[in-house]
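Below is upload_9.csv, which holds CSV, C-alpha atoms.
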```
chain,number,residue,atom,x,y,z
C,1,MET,CA,0.0,0.0,0.0
C,2,LEU,CA,1.3,3.5,-0.9
C,3,PHE,CA,0.9,6.4,1.5
C,4,LYS,CA,1.2,10.1,1.0
C,5,LYS,CA,4.4,11.6,2.3
C,6,LYS,CA,2.5,13.6,4.9
C,7,THR,CA,1.6,10.4,6.8
C,8,ILE,CA,5.2,9.7,7.7
C,9,ASP,CA,7.7,12.2,9.1
C,10,GLU,CA,11.5,12.4,8.4
C,11,SER,CA,12.3,9.9,11.2
C,12,GLY,CA,9.9,7.4,9.8
C,13,LYS,CA,7.2,7.9,12.5
C,14,VAL,CA,3.5,8.1,11.6
C,15,ILE,CA,2.0,11.5,11.6
C,16,LYS,CA,-1.3,10.8,13.4
C,17,ARG,CA,-4.4,12.5,12.1
C,18,LYS,CA,-5.3,15.5,14.1
C,19,GLY,CA,-8.1,14.9,16.6
C,20,LEU,CA,-8.1,11.1,16.0
C,21,LYS,CA,-8.4,9.0,19.2
C,22,ILE,CA,-6.8,5.6,19.1
C,23,GLY,CA,-7.5,2.9,21.7
C,24,ILE,CA,-6.0,-0.5,22.4
C,25,ALA,CA,-7.7,-3.5,23.9
C,26,PHE,CA,-5.3,-5.9,25.5
C,27,GLY,CA,-6.8,-9.3,25.9
C,28,GLY,CA,-6.3,-12.0,28.5
C,29,GLY,CA,-4.0,-15.0,28.0
C,30,GLY,CA,-2.0,-15.7,31.2
C,31,ALA,CA,1.7,-16.0,30.5
C,32,ARG,CA,1.0,-15.5,26.8
C,33,GLY,CA,0.3,-11.9,27.7
C,34,VAL,CA,4.0,-11.3,27.2
C,35,GLY,CA,3.2,-11.1,23.5
C,36,HIS,CA,1.4,-7.8,24.2
C,37,ILE,CA,4.7,-6.2,24.8
C,38,GLY,CA,5.9,-7.0,21.3
C,39,VAL,CA,2.9,-5.2,19.9
C,40,VAL,CA,3.6,-2.2,22.1
C,41,LYS,CA,7.2,-2.3,20.7
C,42,ALA,CA,6.0,-2.2,17.1
C,43,LEU,CA,3.6,0.7,17.8
C,44,GLU,CA,6.5,2.6,19.4
C,45,GLU,CA,8.6,2.0,16.4
C,46,LEU,CA,5.9,3.3,14.1
C,47,GLY,CA,5.2,6.3,16.4
C,48,ILE,CA,1.6,5.3,17.0
C,49,LYS,CA,0.5,6.2,20.5
C,50,ALA,CA,-2.8,5.2,22.1
C,51,ASP,CA,-5.1,7.8,23.7
C,52,MET,CA,-6.8,5.2,25.9
C,53,VAL,CA,-6.5,1.5,26.8
C,54,ALA,CA,-8.4,-1.3,28.4
C,55,GLY,CA,-7.2,-4.7,29.5
C,56,THR,CA,-8.5,-8.0,30.8
C,57,SER,CA,-6.5,-10.4,33.0
C,58,ALA,CA,-2.9,-10.4,31.9
C,59,GLY,CA,-3.8,-7.7,29.4
C,60,SER,CA,-4.8,-5.5,32.3
C,61,MET,CA,-1.2,-5.6,33.6
C,62,VAL,CA,0.2,-4.5,30.3
C,63,ALA,CA,-2.5,-1.9,29.8
C,64,SER,CA,-1.7,-0.5,33.3
C,65,LEU,CA,2.0,-0.2,32.5
C,66,TYR,CA,1.2,1.4,29.2
C,67,ALA,CA,-1.2,3.9,30.8
C,68,THR,CA,1.5,4.7,33.3
C,69,GLY,CA,4.0,5.6,30.5
C,70,TYR,CA,6.2,2.5,30.5
C,71,THR,CA,8.0,1.7,27.3
C,72,SER,CA,8.2,-1.9,25.9
C,73,SER,CA,11.9,-2.0,27.0
C,74,GLN,CA,10.9,-1.0,30.6
C,75,MET,CA,8.1,-3.6,30.6
C,76,ILE,CA,10.5,-6.4,29.5
C,77,GLU,CA,13.0,-5.3,32.2
C,78,GLU,CA,10.4,-5.5,34.9
C,79,LEU,CA,9.1,-8.8,33.6
C,80,LYS,CA,12.6,-10.4,33.7
C,81,LYS,CA,12.9,-9.6,37.4
C,82,LEU,CA,9.8,-11.8,38.2
C,83,ARG,CA,10.1,-15.2,39.7
C,84,PRO,CA,7.2,-17.8,39.6
C,85,LYS,CA,6.8,-17.7,43.4
C,86,ASP,CA,6.2,-13.9,43.2
C,87,ILE,CA,2.9,-14.7,41.6
C,88,ARG,CA,1.9,-18.3,42.6
C,89,ASP,CA,2.3,-19.4,46.2
C,90,SER,CA,0.3,-22.6,45.9
C,91,LYS,CA,0.7,-25.6,43.7
C,92,VAL,CA,-2.0,-27.6,45.4
C,93,ILE,CA,-5.2,-28.2,43.3
C,94,TRP,CA,-8.2,-26.4,44.9
C,95,LYS,CA,-6.0,-24.2,47.0
C,96,PRO,CA,-5.8,-20.9,45.1
C,97,SER,CA,-2.8,-18.7,45.3
C,98,ASN,CA,-3.3,-15.3,47.0
C,99,SER,CA,-4.2,-12.6,44.5
C,100,GLU,CA,-2.5,-10.1,46.8
C,101,ASN,CA,0.7,-11.4,45.2
C,102,ILE,CA,-0.3,-9.9,41.9
C,103,GLU,CA,-1.3,-6.7,43.6
C,104,GLN,CA,2.1,-6.5,45.4
C,105,VAL,CA,4.0,-7.1,42.2
C,106,MET,CA,2.3,-4.2,40.5
C,107,LYS,CA,2.8,-2.0,43.4
C,108,ASN,CA,6.5,-2.8,43.5
C,109,ILE,CA,6.8,-1.9,39.8
C,110,PHE,CA,4.9,1.3,40.2
C,111,GLY,CA,6.8,2.1,43.4
C,112,LYS,CA,3.5,2.9,45.1
C,113,ASP,CA,-0.2,2.1,45.3
C,114,LEU,CA,-0.9,4.0,42.0
C,115,MET,CA,-4.4,5.4,41.5
C,116,PHE,CA,-6.3,5.6,38.2
C,117,SER,CA,-6.3,9.4,38.6
C,118,GLU,CA,-2.5,9.5,38.3
C,119,LEU,CA,-2.3,7.7,35.0
C,120,GLN,CA,-1.1,9.5,31.8
C,121,ILE,CA,-4.0,8.2,29.7
C,122,PRO,CA,-7.5,6.7,30.5
C,123,LEU,CA,-7.5,3.1,31.5
C,124,THR,CA,-10.3,0.6,32.1
C,125,ILE,CA,-9.6,-2.7,33.8
C,126,VAL,CA,-12.2,-5.4,33.1
C,127,ALA,CA,-13.1,-7.9,35.8
C,128,VAL,CA,-16.2,-9.8,36.9
C,129,ASP,CA,-18.0,-9.3,40.1
C,130,ILE,CA,-18.7,-12.8,41.3
C,131,LYS,CA,-21.4,-11.5,43.7
C,132,THR,CA,-23.6,-10.4,40.9
C,133,GLY,CA,-22.1,-12.2,37.9
C,134,ASP,CA,-21.8,-8.8,36.1
C,135,GLU,CA,-18.9,-7.4,34.2
C,136,ALA,CA,-17.0,-4.8,36.2
C,137,ASP,CA,-15.3,-2.0,34.2
C,138,ILE,CA,-13.0,-0.3,36.7
C,139,THR,CA,-11.8,3.2,36.1
C,140,SER,CA,-11.0,4.5,39.7
C,141,GLY,CA,-9.2,3.5,42.8
C,142,SER,CA,-6.1,1.3,43.0
C,143,VAL,CA,-4.7,0.2,39.7
C,144,ALA,CA,-2.8,-2.7,41.3
C,145,LYS,CA,-5.8,-4.1,43.2
C,146,ALA,CA,-8.1,-3.8,40.1
C,147,SER,CA,-5.5,-5.6,38.0
C,148,SER,CA,-5.2,-8.4,40.5
C,149,GLY,CA,-8.9,-8.8,40.5
C,150,SER,CA,-9.0,-9.0,36.7
C,151,CYS,CA,-6.3,-11.7,36.8
C,152,ALA,CA,-8.0,-13.8,39.5
C,153,VAL,CA,-8.7,-17.0,37.6
C,154,PRO,CA,-11.2,-19.0,39.6
C,155,GLY,CA,-9.6,-21.9,41.3
C,156,ILE,CA,-6.1,-20.6,40.5
C,157,PHE,CA,-6.2,-17.3,42.4
C,158,SER,CA,-8.4,-16.0,45.3
C,159,PRO,CA,-11.2,-13.5,44.5
C,160,VAL,CA,-10.3,-9.8,45.2
C,161,VAL,CA,-12.4,-7.7,47.5
C,162,TYR,CA,-12.7,-4.3,45.7
C,163,GLU,CA,-15.0,-1.8,47.2
C,164,ASP,CA,-18.3,-3.7,47.4
C,165,MET,CA,-17.4,-6.2,44.8
C,166,HIS,CA,-15.7,-9.6,44.8
C,167,LEU,CA,-13.6,-9.6,41.6
C,168,VAL,CA,-12.5,-12.6,39.5
C,169,ASP,CA,-11.0,-13.0,36.0
C,170,GLY,CA,-12.6,-10.5,33.5
C,171,GLY,CA,-12.2,-13.1,30.8
C,172,LEU,CA,-15.4,-14.8,32.1
C,173,HIS,CA,-17.3,-12.0,30.5
C,174,ASN,CA,-15.0,-10.0,28.2
C,175,THR,CA,-11.7,-11.5,27.2
C,176,VAL,CA,-10.7,-9.0,24.6
C,177,PRO,CA,-12.4,-5.7,25.6
C,178,ALA,CA,-12.6,-3.9,22.2
C,179,ASP,CA,-16.2,-2.8,23.1
C,180,VAL,CA,-14.9,-1.2,26.3
C,181,VAL,CA,-12.3,0.8,24.4
C,182,ARG,CA,-15.0,1.9,21.8
C,183,PHE,CA,-17.2,3.0,24.7
C,184,MET,CA,-14.3,5.0,26.2
C,185,GLY,CA,-14.5,7.2,23.1
C,186,ALA,CA,-11.9,5.7,20.7
C,187,ASP,CA,-12.4,6.5,17.0
C,188,LYS,CA,-10.1,3.6,16.1
C,189,VAL,CA,-9.7,0.4,18.1
C,190,ILE,CA,-6.8,-2.0,18.0
C,191,ALA,CA,-7.5,-5.4,19.6
C,192,VAL,CA,-4.7,-7.7,20.6
C,193,GLU,CA,-5.6,-11.4,21.1
C,194,VAL,CA,-2.6,-13.3,22.5
C,195,ASN,CA,-4.4,-16.6,23.3
C,196,ARG,CA,-5.4,-18.1,20.0
C,197,ALA,CA,-5.3,-21.5,21.6
C,198,ARG,CA,-8.2,-20.6,23.9
C,199,GLY,CA,-11.1,-22.9,23.3
C,200,ASN,CA,-9.0,-25.8,22.0
C,201,GLY,CA,-9.8,-29.2,23.6
C,202,THR,CA,-7.5,-31.5,25.6
C,203,ASP,CA,-6.8,-35.2,25.6
C,204,SER,CA,-5.9,-35.0,29.3
C,205,LEU,CA,-8.3,-36.2,32.0
C,206,LYS,CA,-6.3,-34.5,34.8
C,207,THR,CA,-8.6,-32.4,36.9
C,208,LEU,CA,-6.6,-29.2,36.5
C,209,ASP,CA,-6.3,-29.7,32.7
C,210,VAL,CA,-10.0,-30.3,32.4
C,211,LEU,CA,-10.8,-27.2,34.5
C,212,LYS,CA,-8.4,-24.9,32.5
C,213,THR,CA,-9.8,-26.2,29.2
C,214,SER,CA,-13.4,-25.8,30.3
C,215,LEU,CA,-12.7,-22.2,31.3
C,216,GLY,CA,-11.0,-21.6,28.0
C,217,ILE,CA,-13.9,-22.9,26.0
C,218,MET,CA,-16.3,-20.7,28.0
C,219,MET,CA,-14.2,-17.6,27.6
C,220,GLN,CA,-13.7,-18.1,23.8
C,221,ALA,CA,-17.5,-17.8,23.4
C,222,ASN,CA,-17.3,-14.1,24.4
C,223,VAL,CA,-14.3,-13.2,22.1
C,224,SER,CA,-15.8,-12.9,18.7
C,225,PRO,CA,-18.8,-10.6,19.6
C,226,LYS,CA,-16.4,-8.1,21.3
C,227,LEU,CA,-13.9,-8.1,18.4
C,228,GLU,CA,-16.7,-6.7,16.2
C,229,TYR,CA,-15.9,-3.4,17.7
C,230,ALA,CA,-12.2,-3.5,16.6
C,231,ASP,CA,-10.9,-1.8,13.5
C,232,LEU,CA,-7.8,-4.0,13.5
C,233,ILE,CA,-7.2,-7.3,15.3
C,234,ILE,CA,-3.6,-8.5,16.0
C,235,LYS,CA,-3.2,-12.2,16.9
C,236,PRO,CA,0.4,-13.2,17.7
C,237,ASN,CA,1.0,-17.0,17.3
C,238,LEU,CA,1.8,-18.0,20.8
C,239,GLU,CA,0.2,-21.4,20.9
C,240,SER,CA,3.5,-23.2,21.5
C,241,TYR,CA,3.9,-21.3,24.8
C,242,SER,CA,2.2,-22.2,28.1
C,243,SER,CA,-0.5,-19.9,29.4
C,244,SER,CA,0.4,-20.8,33.0
C,245,LYS,CA,4.2,-20.6,32.9
C,246,ILE,CA,6.3,-17.8,31.4
C,247,GLY,CA,8.4,-19.2,28.6
C,248,ASP,CA,11.0,-17.5,26.4
C,249,ILE,CA,10.3,-13.8,27.1
C,250,ASP,CA,12.3,-12.5,24.2
C,251,ALA,CA,10.8,-15.0,21.7
C,252,MET,CA,7.3,-14.1,22.8
C,253,VAL,CA,7.9,-10.4,22.5
C,254,GLN,CA,9.4,-10.9,19.1
C,255,GLU,CA,6.4,-12.9,17.9
C,256,GLY,CA,4.1,-10.1,19.1
C,257,TYR,CA,6.3,-7.5,17.4
C,258,GLU,CA,6.5,-9.4,14.1
C,259,MET,CA,2.7,-10.0,14.0
C,260,ALA,CA,2.1,-6.3,14.6
C,261,MET,CA,4.5,-5.3,12.0
C,262,SER,CA,2.9,-7.6,9.5
C,263,HIS,CA,-0.1,-5.2,9.8
C,264,LYS,CA,2.2,-2.2,9.3
C,265,ASP,CA,0.2,-0.7,6.4
C,266,GLU,CA,-3.1,-1.2,8.2
C,267,LEU,CA,-1.7,0.4,11.3
C,268,ILE,CA,-0.5,3.4,9.3
C,269,ALA,CA,-3.8,3.8,7.6
C,270,LEU,CA,-5.7,3.4,10.9
C,271,ALA,CA,-3.7,6.3,12.4
C,272,THR,CA,-3.8,8.6,9.4
C,273,GLU,CA,-7.2,8.2,7.7
C,274,LYS,CA,-10.3,10.1,8.6
C,275,PRO,CA,-12.2,8.1,11.2
C,276,LYS,CA,-15.3,6.3,10.2
C,277,ARG,CA,-17.7,5.2,12.9
C,278,LYS,CA,-18.6,1.6,13.0
C,279,VAL,CA,-21.8,0.4,11.5
C,280,ASN,CA,-24.9,1.8,13.2
C,281,SER,CA,-26.1,-1.6,14.3
C,282,LEU,CA,-22.9,-2.1,16.2
C,283,TRP,CA,-23.2,1.3,17.9
C,284,ASN,CA,-26.8,0.6,18.8
C,285,LYS,CA,-25.9,-2.8,20.2
C,286,LEU,CA,-23.1,-1.3,22.3
C,287,ASN,CA,-25.1,1.6,23.6
C,288,LYS,CA,-28.0,-0.8,24.5
C,289,ALA,CA,-25.5,-3.1,26.4
C,290,ARG,CA,-24.1,-0.1,28.2
C,291,GLY,CA,-27.5,1.4,29.2
C,292,ARG,CA,-27.5,4.2,26.7
C,293,LYS,CA,-30.4,5.1,24.4
```
This structure in C-alpha cells:
Amino acid sequence: MLFKKKTIDESGKVIKRKGLKIGIAFGGGGARGVGHIGVVKALEELGIKADMVAGTSAGSMVASLYATGYTSSQMIEELKKLRPKDIRDSKVIWKPSNSENIEQVMKNIFGKDLMFSELQIPLTIVAVDIKTGDEADITSGSVAKASSGSCAVPGIFSPVVYEDMHLVDGGLHNTVPADVVRFMGADKVIAVEVNRARGNGTDSLKTLDVLKTSLGIMMQANVSPKLEYADLIIKPNLESYSSSKIGDIDAMVQEGYEMAMSHKDELIALATEKPKRKVNSLWNKLNKARGRK
C-alpha cells in the first residue's frame, strides 16, 4: 500500500491524524500476555500512541503499565525480574494462590499504590463481580488491586475484594475488551488477542487440565462478539507457549512484534485516515448493552 508523504515524518514515524483518538484492547491469556509487549514495541517504532487503553486479566497488567507511561523495554526489564513464586504461592489443586501477590508485584513496579487518577491516559480494567455475575469495568481506585482482580482466575487465584465487589477474572465476561475501548471514546480500536489456543480441547483427564480447558472454551465464546468493535485485530501466534508458565520472554515479545509489523500498512492507515464510525447496528448494540439510548 502506498501512502502520501505527509503520513510519515522524516524519522519514519507516523503523523497521526489531528483529533483522532486511538484505543487499544489488551486481551487475556495468562503468561502468553508477554506477547502484548511486542505489539507495544511495534507501535512505538511506528510512532503510534494510544489515547486510551483497556485490558483483561494479563492484558490489564500490560495496559496498566502502558497507561503509566512504561515503554516496551521497561516492561521487559520488569518482567525479567519476576520469579514464579512472586505470583503463585500454591501448587495444590483447589488451594488458590493469593491474588495479593499480583497486587504487590504491580505496586513494586509502580513504586507505590498507584491510583487511576494518576495515569497518563485513561485506563479501564475489566473484571467480573462474582457476587452479581456482572462485568466490572473499573476506572477508579487502586490500579494494582483492580488488575489483581482482573487476573484472579477462579480456582487458581483467590477473589479480590474491591469496594463492594468480589472480583475474578474478567475473561469470564469479556476476554478482549474492544467494546470497552470503543465505549471510552476511541475512533479507532486495535484489539490484541494473545491466546489463539483458547477454546481448544484437551486429551488429558487430569482435573486441572479439564478445569483450564473448560474455562478456555467458556471464555472463547465471548471473544468474537467483542472483536466486532475493533478496526484491527492483531493475533500473535503463541500457541506453542504455556499460558500458565512464562516461557522464552524475548521470543514471545518478538512474535508479538512481528505479528504487529505484518499489519504495518493497516496500522499506518488506521492512524492517518479520517475516522469512520462503526456500522450503526454495532453502535446501537453497544449503547444498549451499556444502558444508553
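The spacing separating atom CA of Thr56 of chain C from atom CA of Lys206 of chain C amounts to 26.9 Å.
Remark: for Lys81 of chain C, the closest of the candidate residues C:Leu20, C:Ile109, C:Ala54, C:Gln120 is C:Ile109 (distances computed over all atoms listed in the file).
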Legend entry - Length of the atom CA of Gly69 of chain C to atom CA of Lys112 of chain C vector [Å]: 14.9 Å
Kindly provide the residues of segment 45-138 of chain C that approach segment 143-157 of chain C to within 9 Å, each paired with its closest atom pair and their distance in Å to one decimal, based on only C-alpha atoms, listed by chain and increasing number, as a tab-separated table.
```
residue	atom	partner	partner_atom	distance
C:Gly55	CA	C:Ser150	CA	8.6
C:Thr56	CA	C:Ser150	CA	6.0
C:Ser57	CA	C:Cys151	CA	4.0
C:Ala58	CA	C:Cys151	CA	6.1
C:Gly59	CA	C:Cys151	CA	8.8
C:Ser60	CA	C:Ser147	CA	5.7
C:Met61	CA	C:Ser147	CA	6.2
C:Ser64	CA	C:Val143	CA	7.1
C:Arg88	CA	C:Phe157	CA	8.2
C:Ser90	CA	C:Ile156	CA	8.6
C:Ile93	CA	C:Gly155	CA	7.9
C:Trp94	CA	C:Gly155	CA	5.9
C:Lys95	CA	C:Gly155	CA	7.1
C:Pro96	CA	C:Phe157	CA	4.5
C:Ser97	CA	C:Phe157	CA	4.7
C:Asn98	CA	C:Phe157	CA	5.8
C:Ser99	CA	C:Phe157	CA	5.5
C:Glu100	CA	C:Ser148	CA	7.1
C:Asn101	CA	C:Ser148	CA	8.1
C:Ile102	CA	C:Ser148	CA	5.3
C:Glu103	CA	C:Ala144	CA	4.9
C:Gln104	CA	C:Ala144	CA	7.4
C:Val105	CA	C:Ala144	CA	8.1
C:Met106	CA	C:Ala144	CA	5.4
C:Lys107	CA	C:Ala144	CA	6.0
C:Phe110	CA	C:Ala144	CA	8.7
C:Asp113	CA	C:Ala144	CA	6.8
C:Leu114	CA	C:Val143	CA	5.8
C:Met115	CA	C:Val143	CA	5.5
C:Phe116	CA	C:Val143	CA	5.8
C:Ile125	CA	C:Ser147	CA	6.5
C:Val126	CA	C:Ser150	CA	6.0
C:Ala127	CA	C:Ser150	CA	4.3
C:Val128	CA	C:Ser150	CA	7.2
C:Ile138	CA	C:Ala146	CA	6.9
```
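Coordinates place atom CA of Ser72 of chain C at a distance of 22.1 Å from atom CA of Ala186 of chain C.
Nearest residue to Glu255 of chain C among C:Ala271, C:Leu167, C:Ile234, C:Ala178 is C:Ile234, counting all atoms listed in the file.
Of the residues under consideration (C:Asp86, C:Asp179, C:Glu258, C:Asp265), C:Asp179 shows the shortest atom-to-atom contact distance to Phe26 of chain C when counting only C-alpha atoms.
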Inset, instruction - Show which residues sit within 6 Å of segment 36-38 of chain C, as an NGL selection string. Count only C-alpha atoms, and ignore same-chain residues fewer than 4 positions away. - result: :C and (72 or 253-254 or 256-257)
Legend entry - Minimum-distance residue to Asp137 of chain C, chosen among C:Lys235, C:Lys16, C:Lys188, C:His173 (using all atoms listed in the file): C:His173
Legend entry - Of the listed residues C:Asp203, C:Ser158, C:Pro236, C:Lys226, that which approaches Ser262 of chain C most closely, counting all atoms listed in the file: C:Pro236
